[in-house]
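The file structure-v8.txt contains compact mmCIF, C-alpha atoms:
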```txt
# COMPACT_ATOMS: atom_id res chain seq x y z
CA MET A 1 -15.96 11.13 41.75
CA PRO A 2 -12.86 13.38 41.67
CA THR A 3 -13.22 16.66 39.78
CA VAL A 4 -9.61 16.45 38.59
CA ASP A 5 -8.62 13.80 36.05
CA GLN A 6 -6.36 11.38 37.93
CA ASN A 7 -4.59 10.22 34.77
CA GLN A 8 -1.44 12.33 34.66
CA ARG A 9 -0.66 11.70 31.01
CA ARG A 10 -4.14 12.62 29.85
CA ARG A 11 -4.15 15.64 32.15
CA ARG A 12 -1.00 17.02 30.53
CA GLY A 13 -2.65 17.24 27.14
CA THR A 14 -3.09 15.06 24.08
CA GLY A 15 -3.06 15.36 20.32
CA LEU A 16 -0.71 17.72 18.51
CA ILE A 17 1.66 19.40 20.96
CA ALA A 18 4.27 20.95 18.66
CA LEU A 19 4.96 21.38 14.94
CA ASP A 20 7.62 23.10 12.87
CA PRO A 21 6.15 22.54 9.38
CA ASP A 22 9.32 23.67 7.63
CA ALA A 23 11.55 21.16 9.42
CA ALA A 24 9.27 18.14 9.99
CA PHE A 25 9.12 15.35 7.40
CA GLU A 26 5.85 15.69 5.49
CA GLY A 27 3.78 12.55 5.86
CA HIS A 28 1.34 10.54 7.93
CA THR A 29 2.02 8.72 11.20
CA LEU A 30 0.66 5.24 11.92
CA TYR A 31 0.02 3.85 15.40
CA ALA A 32 -2.06 1.20 17.18
CA PRO A 33 -3.06 1.85 20.84
CA LEU A 34 -2.15 -1.23 22.84
CA THR A 35 -5.31 -1.18 24.97
CA GLY A 36 -7.58 -0.68 21.98
CA GLY A 37 -9.80 -3.32 20.48
CA GLY A 38 -7.98 -3.42 17.15
CA GLU A 39 -8.08 0.20 15.99
CA VAL A 40 -5.14 1.51 13.94
CA TYR A 41 -4.88 5.24 13.29
CA LEU A 42 -3.20 7.31 10.60
CA VAL A 43 -2.72 10.98 11.49
CA ASN A 44 -1.32 13.87 9.46
CA LEU A 45 1.27 16.37 10.67
CA ARG A 46 -1.50 18.47 12.23
CA GLY A 47 -2.52 15.50 14.36
CA GLU A 48 -5.78 14.97 12.49
CA THR A 49 -6.94 11.40 11.94
CA VAL A 50 -7.17 10.77 8.19
CA HIS A 51 -7.83 7.03 8.25
CA THR A 52 -8.76 4.31 10.75
CA TRP A 53 -8.70 0.54 10.49
CA LYS A 54 -10.98 -1.46 12.79
CA LEU A 55 -9.51 -4.94 13.11
CA PRO A 56 -10.86 -7.91 15.10
CA HIS A 57 -8.03 -8.40 17.63
CA ARG A 58 -6.21 -6.27 20.20
CA PRO A 59 -2.71 -5.33 18.98
CA GLY A 60 -0.08 -7.98 19.47
CA ARG A 61 2.28 -4.97 19.51
CA HIS A 62 2.13 -2.90 16.28
CA ALA A 63 1.13 -2.21 12.68
CA ARG A 64 3.17 -1.25 9.62
CA ILE A 65 2.48 -0.16 6.04
CA LEU A 66 3.91 -2.49 3.40
CA PRO A 67 5.17 -1.46 -0.04
CA GLY A 68 2.05 -0.77 -2.10
CA GLY A 69 0.09 0.54 0.87
CA LEU A 70 -1.35 -2.59 2.54
CA LEU A 71 -1.39 -2.81 6.33
CA ALA A 72 0.57 -5.48 8.21
CA TYR A 73 -0.90 -5.98 11.67
CA ASN A 74 0.00 -8.31 14.50
CA GLY A 75 -2.96 -9.12 16.72
CA VAL A 76 -3.51 -11.05 19.93
CA LEU A 77 -4.82 -14.59 19.40
CA PRO A 78 -7.82 -14.93 21.74
CA GLY A 79 -8.42 -17.71 24.22
CA GLU A 80 -4.79 -18.63 24.93
CA ASP A 81 -3.52 -19.59 28.40
CA ALA A 82 -0.87 -17.53 30.18
CA LEU A 83 2.53 -19.24 29.97
CA PHE A 84 3.89 -16.89 32.66
CA PRO A 85 2.66 -13.62 34.24
CA MET A 86 3.91 -11.24 31.53
CA TRP A 87 2.88 -13.43 28.59
CA HIS A 88 -0.53 -11.83 28.07
CA LYS A 89 1.12 -8.39 28.00
CA TYR A 90 3.28 -8.94 24.92
CA ARG A 91 2.05 -12.02 23.11
CA GLY A 92 0.58 -11.92 19.61
CA GLY A 93 -0.31 -14.93 17.52
CA VAL A 94 -2.29 -13.45 14.60
CA MET A 95 -0.12 -12.00 11.82
CA GLY A 96 -2.27 -10.51 9.09
CA VAL A 97 -2.17 -8.28 6.03
CA HIS A 98 -5.19 -6.02 5.52
CA ALA A 99 -6.66 -3.83 2.80
CA PRO A 100 -7.41 -0.16 3.60
CA ASP A 101 -10.99 -1.12 4.52
CA GLY A 102 -9.72 -3.75 6.99
CA THR A 103 -10.40 -6.81 4.85
CA VAL A 104 -8.05 -9.67 5.74
CA LEU A 105 -6.00 -10.54 2.63
CA ARG A 106 -3.79 -13.19 4.21
CA GLU A 107 -3.02 -14.40 7.70
CA HIS A 108 -0.64 -16.66 9.60
CA ARG A 109 -1.22 -17.87 13.16
CA ASP A 110 1.22 -19.14 15.76
CA PRO A 111 0.13 -19.11 19.42
CA LEU A 112 3.77 -18.84 20.57
CA GLN A 113 4.53 -15.67 18.56
CA HIS A 114 5.35 -12.55 20.54
CA HIS A 115 6.59 -8.96 20.16
CA ASP A 116 7.69 -8.74 16.53
CA ALA A 117 6.52 -10.08 13.19
CA HIS A 118 8.25 -8.57 10.18
CA HIS A 119 6.16 -9.04 7.03
CA LEU A 120 8.39 -9.55 4.01
CA ASP A 121 7.90 -8.26 0.48
CA ASP A 122 7.31 -11.78 -0.86
CA GLY A 123 4.40 -12.42 1.51
CA GLY A 124 6.46 -14.31 4.06
CA ILE A 125 6.95 -13.35 7.70
CA LEU A 126 10.02 -13.33 9.95
CA TYR A 127 8.91 -13.45 13.58
CA THR A 128 9.82 -14.22 17.18
CA ALA A 129 8.32 -17.13 19.10
CA LEU A 130 8.95 -19.30 22.18
CA GLU A 131 9.89 -22.83 23.14
CA PRO A 132 10.02 -24.35 26.65
CA LEU A 133 13.27 -25.32 28.36
CA THR A 134 13.10 -27.62 31.37
CA GLY A 135 15.50 -29.56 33.56
CA ARG A 136 19.16 -29.15 32.64
CA GLU A 137 18.38 -26.91 29.68
CA ALA A 138 16.48 -24.48 31.93
CA ALA A 139 19.15 -24.62 34.64
CA ALA A 140 21.83 -23.78 32.06
CA VAL A 141 20.35 -20.31 31.48
CA ARG A 142 22.44 -17.85 33.46
CA GLY A 143 21.27 -14.93 35.59
CA GLY A 144 17.85 -13.83 36.74
CA VAL A 145 16.20 -14.18 40.13
CA ALA A 146 16.76 -17.67 41.51
CA GLY A 147 13.62 -19.77 41.67
CA SER A 148 11.52 -17.42 39.51
CA GLU A 149 10.98 -19.85 36.64
CA ALA A 150 7.39 -20.37 35.50
CA ASP A 151 6.56 -23.83 36.91
CA GLY A 152 10.19 -24.80 36.50
CA THR A 153 10.23 -23.75 32.85
CA VAL A 154 12.37 -21.12 31.18
CA TRP A 155 10.74 -20.06 27.92
CA ALA A 156 13.46 -19.47 25.33
CA ASP A 157 13.23 -17.50 22.13
CA THR A 158 13.10 -18.87 18.65
CA ILE A 159 13.00 -17.01 15.35
CA LYS A 160 10.94 -18.41 12.50
CA GLN A 161 10.39 -17.50 8.88
CA VAL A 162 7.39 -18.72 6.93
CA ASP A 163 6.54 -18.23 3.28
CA ALA A 164 3.33 -16.70 1.93
CA GLU A 165 1.55 -20.04 2.38
CA GLY A 166 2.64 -20.39 6.01
CA ASN A 167 5.31 -23.03 5.41
CA GLU A 168 8.36 -22.73 7.65
CA VAL A 169 11.44 -22.02 5.55
CA TRP A 170 13.99 -21.04 8.23
CA SER A 171 14.31 -21.16 11.99
CA TRP A 172 16.75 -20.33 14.77
CA ARG A 173 16.86 -21.35 18.44
CA ALA A 174 18.49 -19.32 21.19
CA ALA A 175 18.96 -22.56 23.15
CA GLU A 176 21.07 -23.97 20.31
CA HIS A 177 23.09 -20.94 19.25
CA LEU A 178 23.47 -18.53 22.20
CA ASP A 179 26.33 -18.83 24.68
CA ARG A 180 24.63 -18.89 28.11
CA GLU A 181 27.61 -17.21 29.80
CA ALA A 182 27.83 -14.42 27.21
CA TYR A 183 24.08 -13.67 27.23
CA PRO A 184 22.83 -13.97 30.83
CA LEU A 185 19.56 -12.53 32.08
CA HIS A 186 19.90 -9.37 34.11
CA PRO A 187 20.10 -10.46 37.79
CA ASP A 188 16.90 -8.58 38.69
CA TYR A 189 14.78 -10.22 35.97
CA ALA A 190 12.54 -13.24 36.42
CA ARG A 191 13.79 -16.47 34.87
CA GLU A 192 10.62 -16.79 32.79
CA HIS A 193 11.80 -15.71 29.36
CA TRP A 194 15.32 -15.77 27.90
CA PRO A 195 16.75 -13.68 26.31
CA LEU A 196 13.49 -11.86 25.36
CA ILE A 197 13.88 -10.98 21.69
CA ASN A 198 11.67 -7.93 21.16
CA SER A 199 12.67 -7.13 17.57
CA VAL A 200 13.76 -9.09 14.51
CA VAL A 201 14.40 -7.81 10.99
CA PRO A 202 16.31 -9.02 7.91
CA LEU A 203 19.40 -7.07 6.89
CA ALA A 204 20.36 -6.07 3.37
CA ASP A 205 22.92 -8.91 3.27
CA GLY A 206 20.29 -11.49 4.20
CA ASN A 207 21.38 -12.00 7.79
CA VAL A 208 19.10 -11.27 10.74
CA LEU A 209 19.22 -8.35 13.18
CA ALA A 210 17.73 -9.05 16.62
CA SER A 211 17.34 -7.24 19.94
CA LEU A 212 17.89 -9.33 23.08
CA ARG A 213 16.27 -7.12 25.68
CA SER A 214 16.90 -9.04 28.90
CA ALA A 215 20.55 -9.59 27.97
CA SER A 216 21.04 -5.95 26.84
CA ALA A 217 22.48 -6.92 23.47
CA VAL A 218 21.81 -6.27 19.80
CA VAL A 219 23.08 -9.12 17.61
CA ILE A 220 23.43 -10.10 13.98
CA ILE A 221 22.65 -13.75 13.31
CA SER A 222 24.01 -15.67 10.33
CA ARG A 223 21.14 -16.98 8.28
CA GLU A 224 23.41 -19.70 6.93
CA THR A 225 24.87 -21.07 10.17
CA GLY A 226 22.83 -19.53 13.00
CA GLU A 227 25.93 -18.20 14.73
CA VAL A 228 26.14 -14.70 16.17
CA LEU A 229 28.30 -12.71 13.74
CA TRP A 230 28.25 -9.40 15.62
CA ARG A 231 27.00 -7.95 18.89
CA THR A 232 27.01 -4.63 20.69
CA GLU A 233 29.75 -4.30 23.27
CA PRO A 234 28.42 -4.82 26.82
CA GLY A 235 27.27 -1.50 28.26
CA THR A 236 26.44 0.07 24.89
CA VAL A 237 22.70 -0.56 25.24
CA SER A 238 20.48 -1.32 28.22
CA GLN A 239 17.15 -3.18 27.79
CA GLN A 240 16.92 -1.76 24.26
CA HIS A 241 14.26 -2.03 21.53
CA HIS A 242 13.79 -1.78 17.77
CA PRO A 243 17.23 -1.82 16.12
CA SER A 244 17.08 -1.11 12.39
CA GLU A 245 19.59 -0.92 9.58
CA LEU A 246 20.28 2.45 7.97
CA ALA A 247 21.24 3.03 4.35
CA ASP A 248 24.96 3.22 5.19
CA GLY A 249 24.88 0.02 7.26
CA ASN A 250 24.83 1.74 10.63
CA LEU A 251 22.25 0.63 13.20
CA LEU A 252 19.60 2.84 14.81
CA VAL A 253 18.51 1.67 18.29
CA PHE A 254 16.05 2.81 20.95
CA ASP A 255 18.15 2.47 24.11
CA ASN A 256 15.76 2.36 27.07
CA GLY A 257 18.45 2.86 29.71
CA VAL A 258 17.12 0.54 32.42
CA PHE A 259 20.08 -0.65 34.55
CA ARG A 260 22.53 1.38 32.42
CA PRO A 261 26.01 0.71 33.84
CA GLY A 262 27.62 3.68 35.54
CA HIS A 263 24.47 5.85 35.64
CA ASP A 264 22.49 6.36 38.82
CA VAL A 265 19.73 8.35 37.06
CA PRO A 266 17.99 6.40 34.28
CA TYR A 267 17.16 8.04 30.96
CA SER A 268 16.31 6.86 27.46
CA ARG A 269 18.05 7.80 24.25
CA VAL A 270 18.14 6.91 20.57
CA ILE A 271 21.57 6.04 19.23
CA GLU A 272 23.21 5.29 15.90
CA ILE A 273 25.94 2.66 16.07
CA ASP A 274 28.74 2.26 13.54
CA ARG A 275 28.74 -1.45 12.81
CA GLY A 276 32.45 -1.54 12.02
CA SER A 277 33.71 0.06 15.21
CA GLY A 278 30.74 -0.63 17.46
CA LYS A 279 30.87 3.00 18.60
CA VAL A 280 27.94 5.37 19.05
CA VAL A 281 28.21 8.00 16.31
CA TRP A 282 24.92 9.86 16.94
CA GLU A 283 22.73 10.19 20.00
CA TYR A 284 19.50 11.89 20.97
CA HIS A 285 18.38 12.38 24.54
CA ASP A 286 16.19 15.10 25.99
CA PRO A 287 18.09 18.22 27.10
CA ALA A 288 16.81 17.33 30.57
CA LYS A 289 17.85 13.69 30.37
CA GLU A 290 15.57 12.43 33.13
CA SER A 291 12.45 13.84 31.45
CA PHE A 292 12.62 11.24 28.65
CA PHE A 293 12.67 7.76 30.16
CA ALA A 294 10.77 4.78 28.80
CA PRO A 295 11.45 1.81 31.11
CA PHE A 296 9.94 -0.61 28.60
CA MET A 297 9.05 -0.59 24.89
CA GLY A 298 10.11 2.16 22.46
CA ALA A 299 11.00 2.65 18.81
CA ALA A 300 12.89 4.88 16.38
CA GLN A 301 12.62 5.40 12.62
CA ARG A 302 15.14 7.33 10.51
CA LEU A 303 13.16 9.44 8.04
CA PRO A 304 14.16 10.26 4.45
CA ASN A 305 15.08 13.87 5.32
CA GLY A 306 17.51 12.72 8.05
CA ASN A 307 15.14 13.37 10.94
CA THR A 308 14.26 10.62 13.42
CA LEU A 309 10.74 9.69 14.55
CA ILE A 310 10.79 8.43 18.15
CA THR A 311 8.11 6.45 19.97
CA ASP A 312 8.11 7.03 23.72
CA SER A 313 5.89 3.99 24.07
CA PRO A 314 4.65 3.96 27.69
CA ALA A 315 3.77 7.66 27.49
CA GLY A 316 2.04 7.38 24.11
CA ARG A 317 4.29 10.23 23.01
CA LEU A 318 5.44 10.39 19.40
CA PHE A 319 8.00 13.00 18.42
CA GLU A 320 10.43 13.90 15.65
CA VAL A 321 13.90 15.36 16.02
CA THR A 322 16.46 16.64 13.53
CA ALA A 323 20.04 15.42 13.18
CA GLU A 324 20.94 18.34 15.46
CA SER A 325 18.54 16.99 18.15
CA VAL A 326 16.00 19.77 17.65
CA LEU A 327 12.41 18.68 18.28
CA VAL A 328 10.15 19.62 15.34
CA TRP A 329 6.97 17.57 15.89
CA GLU A 330 5.24 16.11 18.93
CA PHE A 331 1.96 14.25 19.29
CA VAL A 332 0.45 12.53 22.32
CA VAL A 333 -1.87 9.61 21.59
CA PRO A 334 -5.37 10.61 22.81
CA GLN A 335 -6.76 7.06 23.01
CA PHE A 336 -6.64 5.87 26.63
CA GLY A 337 -8.09 2.66 28.01
CA GLY A 338 -7.65 -0.34 30.27
CA TYR A 339 -6.62 -3.78 29.11
CA GLU A 340 -9.62 -6.06 28.65
CA GLU A 341 -7.89 -9.21 29.89
CA SER A 342 -7.90 -9.40 33.69
CA GLU A 343 -4.40 -10.96 33.68
CA VAL A 344 -2.95 -7.87 31.99
CA ARG A 345 -5.11 -5.40 33.90
CA ASP A 346 -3.84 -6.82 37.20
CA LEU A 347 -0.27 -6.03 36.10
CA PHE A 348 -1.15 -2.67 34.52
CA PRO A 349 -4.28 -1.37 36.29
CA ALA A 350 -4.14 2.20 34.96
CA GLU A 351 -5.61 3.41 31.67
CA PRO A 352 -2.57 3.92 29.43
CA ASN A 353 -2.30 5.40 25.96
CA ALA A 354 0.73 3.25 25.15
CA VAL A 355 1.80 2.22 21.67
CA PHE A 356 4.62 -0.18 20.79
CA ARG A 357 5.85 1.50 17.61
CA ALA A 358 4.81 4.35 15.34
CA TYR A 359 5.87 4.85 11.72
CA ARG A 360 5.81 7.88 9.39
CA TYR A 361 4.88 7.43 5.71
CA ALA A 362 5.13 9.78 2.75
CA ALA A 363 2.10 10.30 0.49
CA ASP A 364 3.43 8.02 -2.25
CA GLU A 365 3.57 5.11 0.23
CA LEU A 366 -0.20 5.44 0.74
CA PRO A 367 -1.52 5.43 -2.85
CA TRP A 368 -5.13 4.78 -1.74
CA LEU A 369 -5.29 7.82 0.57
CA GLU A 370 -7.15 10.78 -0.87
CA SER A 371 -4.84 13.65 -1.80
CA GLY A 372 -4.94 16.57 0.58
CA SER A 373 -5.71 14.42 3.64
```
Could you show the structure in this file as structure tokens?
Amino acid sequence: MPTVDQNQRRRRGTGLIALDPDAAFEGHTLYAPLTGGGEVYLVNLRGETVHTWKLPHRPGRHARILPGGLLAYNGVLPGEDALFPMWHKYRGGVMGVHAPDGTVLREHRDPLQHHDAHHLDDGGILYTALEPLTGREAAAVRGGVAGSEADGTVWADTIKQVDAEGNEVWSWRAAEHLDREAYPLHPDYAREHWPLINSVVPLADGNVLASLRSASAVVIISRETGEVLWRTEPGTVSQQHHPSELADGNLLVFDNGVFRPGHDVPYSRVIEIDRGSGKVVWEYHDPAKESFFAPFMGAAQRLPNGNTLITDSPAGRLFEVTAESVLVWEFVVPQFGGYEESEVRDLFPAEPNAVFRAYRYAADELPWLESGS
């Protein structure tokens, strides 16, 4: 056995790395380690765990606190076959709401759900799912590596909304509404999944904001007609994640930077986009750009004091920066582990501490948490 830990991320240190208590937003940070068995952690600014949920399924990406303090959690539905090699990595299927003690209060299941499930205030859920395209429909998808379809099938994204009882009340199909020429797969990507929607959220006006990772586009979809009302200009984002709407209507996006046009050195950044002009009006990247690069996954949350909480997902690194791009809090997830499923472990054989998204919550958003925690 080696005397030196061979896991570089664990070797560099975990837990609280940095804190400026006068500049950081006071609150608690929520995260769910992707290789865990269903544990969700809430830590304070000092990096101390103040609450843990133990849920029955591995994360199907992330957890979120709902208004009133309940936990929304997307878990992996067990016993499902792999639709294509990466499917076991990012599928979900179990969308639940849990009490602070972990009790399941309500749940919706869909074996084709993946990446994102946004639990709504009325008990409904807006989420991403898949449908198979074959024959001419599959061939019509542009881009990707020729011949890399999964058994001749291209799995295309759908978006569904169900009510609190699980009844479908709205749906959208990429195959019906997306222009194949305008939204091709990147030429180096497998033709397994198009366009890979990794985030979906309702906007204040009722329309739907979605991130099309493999087409490097953020779009706004009309809830009434299904048409694309707005999209980022090509080259603005590259393999991005987690767009969200800010109070002034601008969009905050985690821009991964994979295959960024015109850049030979990849780096990640968080950007704010003016929806009217489509221009980037705020940007954070590390002072040494190449030292912050997340090739997949990632998230960003604008906090009430104007700071931004950033999830460097593959590194399990959560950090907060001010509007002036000054880092004021940094925490490295200490929970490392291997994926239990052999299909995922073969693709990712190391023991990561990855998380899909983290969120910060003020004390009044967690009314059940003991004061002083």
Find the spatial neighbours of region 365-369 of chain A, counting all atoms listed in the file, within a cut-off of 10 Å - ignore same-chain residues fewer than 3 positions away - and output them as a compact mmCIF listing (two decimals) with C-alpha atoms, in the frame of the given file.
```txt
# COMPACT_ATOMS: atom_id res chain seq x y z
CA GLY A 27 3.78 12.55 5.86
CA HIS A 28 1.34 10.54 7.93
CA VAL A 50 -7.17 10.77 8.19
CA HIS A 51 -7.83 7.03 8.25
CA ILE A 65 2.48 -0.16 6.04
CA LEU A 66 3.91 -2.49 3.40
CA PRO A 67 5.17 -1.46 -0.04
CA GLY A 68 2.05 -0.77 -2.10
CA GLY A 69 0.09 0.54 0.87
CA LEU A 70 -1.35 -2.59 2.54
CA ALA A 99 -6.66 -3.83 2.80
CA PRO A 100 -7.41 -0.16 3.60
CA ARG A 360 5.81 7.88 9.39
CA TYR A 361 4.88 7.43 5.71
CA ALA A 362 5.13 9.78 2.75
CA GLY A 372 -4.94 16.57 0.58
CA SER A 373 -5.71 14.42 3.64
```
Problem - Which of A:Val154, A:Val237, A:Leu303, A:Leu318 sits closest to Lys279 (chain A) [using all atoms listed in the file] - result: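 Among A:Val154, A:Val237, A:Leu303, A:Leu318, it is A:Val237 that comes nearest to Lys279 (chain A).
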Practice task
Have a look at A:Val200, A:Leu77, A:Leu55, A:Ala174 and name the one nearest to His115 (chain A); count only C-alpha atoms.
Solution key: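 For His115 (chain A), the nearest of the candidates is A:Val200.
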Exercise for the section: Would you work out the distance separating CA of Ala156 (chain A) from CA of Pro184 (chain A), expressed in Å to one decimal? Expected result: 12.2 Å
Exercise for the section: Could you please determine the separation between CA of Gly226 (chain A) and CA of Tyr183 (chain A) in Å, to one decimal place? Expected result: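 So the answer is 15.4 Å.
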Handout entry: Which residue of A:Glu343, A:Asp286, A:Asp110, A:Glu320 approaches Ile17 (chain A) most closely, using all atoms listed in the file
Key =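 That would be A:Glu320, the residue with the smallest distance to Ile17 (chain A).
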Problem - Contact residues around region 120-123 of chain A with all atoms listed in the file at 7 Å, ignoring same-chain residues under 2 positions, as a PyMOL selection string - result: chain A and resi 118+125+163-164
Dump as a JSON list (two decimals) with C-alpha atoms, keeping the file's coordinate frame all residues having an atom at most 10 Å from (-8.1, -3.1, 20.4), computed in the file's coordinates with only C-alpha atoms.
```
[["chain", "number", "residue", "atom", "x", "y", "z"],
["A", 32, "ALA", "CA", -2.06, 1.20, 17.18],
["A", 33, "PRO", "CA", -3.06, 1.85, 20.84],
["A", 34, "LEU", "CA", -2.15, -1.23, 22.84],
["A", 35, "THR", "CA", -5.31, -1.18, 24.97],
["A", 36, "GLY", "CA", -7.58, -0.68, 21.98],
["A", 37, "GLY", "CA", -9.80, -3.32, 20.48],
["A", 38, "GLY", "CA", -7.98, -3.42, 17.15],
["A", 39, "GLU", "CA", -8.08, 0.20, 15.99],
["A", 40, "VAL", "CA", -5.14, 1.51, 13.94],
["A", 54, "LYS", "CA", -10.98, -1.46, 12.79],
["A", 55, "LEU", "CA", -9.51, -4.94, 13.11],
["A", 56, "PRO", "CA", -10.86, -7.91, 15.10],
["A", 57, "HIS", "CA", -8.03, -8.40, 17.63],
["A", 58, "ARG", "CA", -6.21, -6.27, 20.20],
["A", 59, "PRO", "CA", -2.71, -5.33, 18.98],
["A", 60, "GLY", "CA", -0.08, -7.98, 19.47],
["A", 75, "GLY", "CA", -2.96, -9.12, 16.72],
["A", 76, "VAL", "CA", -3.51, -11.05, 19.93],
["A", 337, "GLY", "CA", -8.09, 2.66, 28.01],
["A", 339, "TYR", "CA", -6.62, -3.78, 29.11],
["A", 340, "GLU", "CA", -9.62, -6.06, 28.65]]
```
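Remark: for Asn167 (chain A), the closest of the candidate residues A:Leu126, A:Leu327, A:Ala363, A:Ala82 is A:Leu126 (distances computed over all atoms listed in the file).
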Problem - Spatial neighbours of His241 (chain A), 10 Å, only C-alpha atoms, chain gap at least 6 places, as a VMD selection string - result: chain A and resid 197 to 200 210 to 213 216 to 218 252 to 256 270 296 to 300 356 to 357
Fill in the blank from the handout: Arg275 (chain A) proximity check over A:Leu83, A:Val258, A:Ala288, A:Leu209, using only C-alpha atoms: winner is A:Leu209
Completion exercise
Between CA of Ala23 (chain A) and CA of Tyr359 (chain A) lies a distance of 17.4 Å
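Shortest separation to Trp230 (chain A) among A:Pro352, A:Gly257, A:Gly152, A:Gly278 occurs at residue A:Gly278, atoms counted being all atoms listed in the file.
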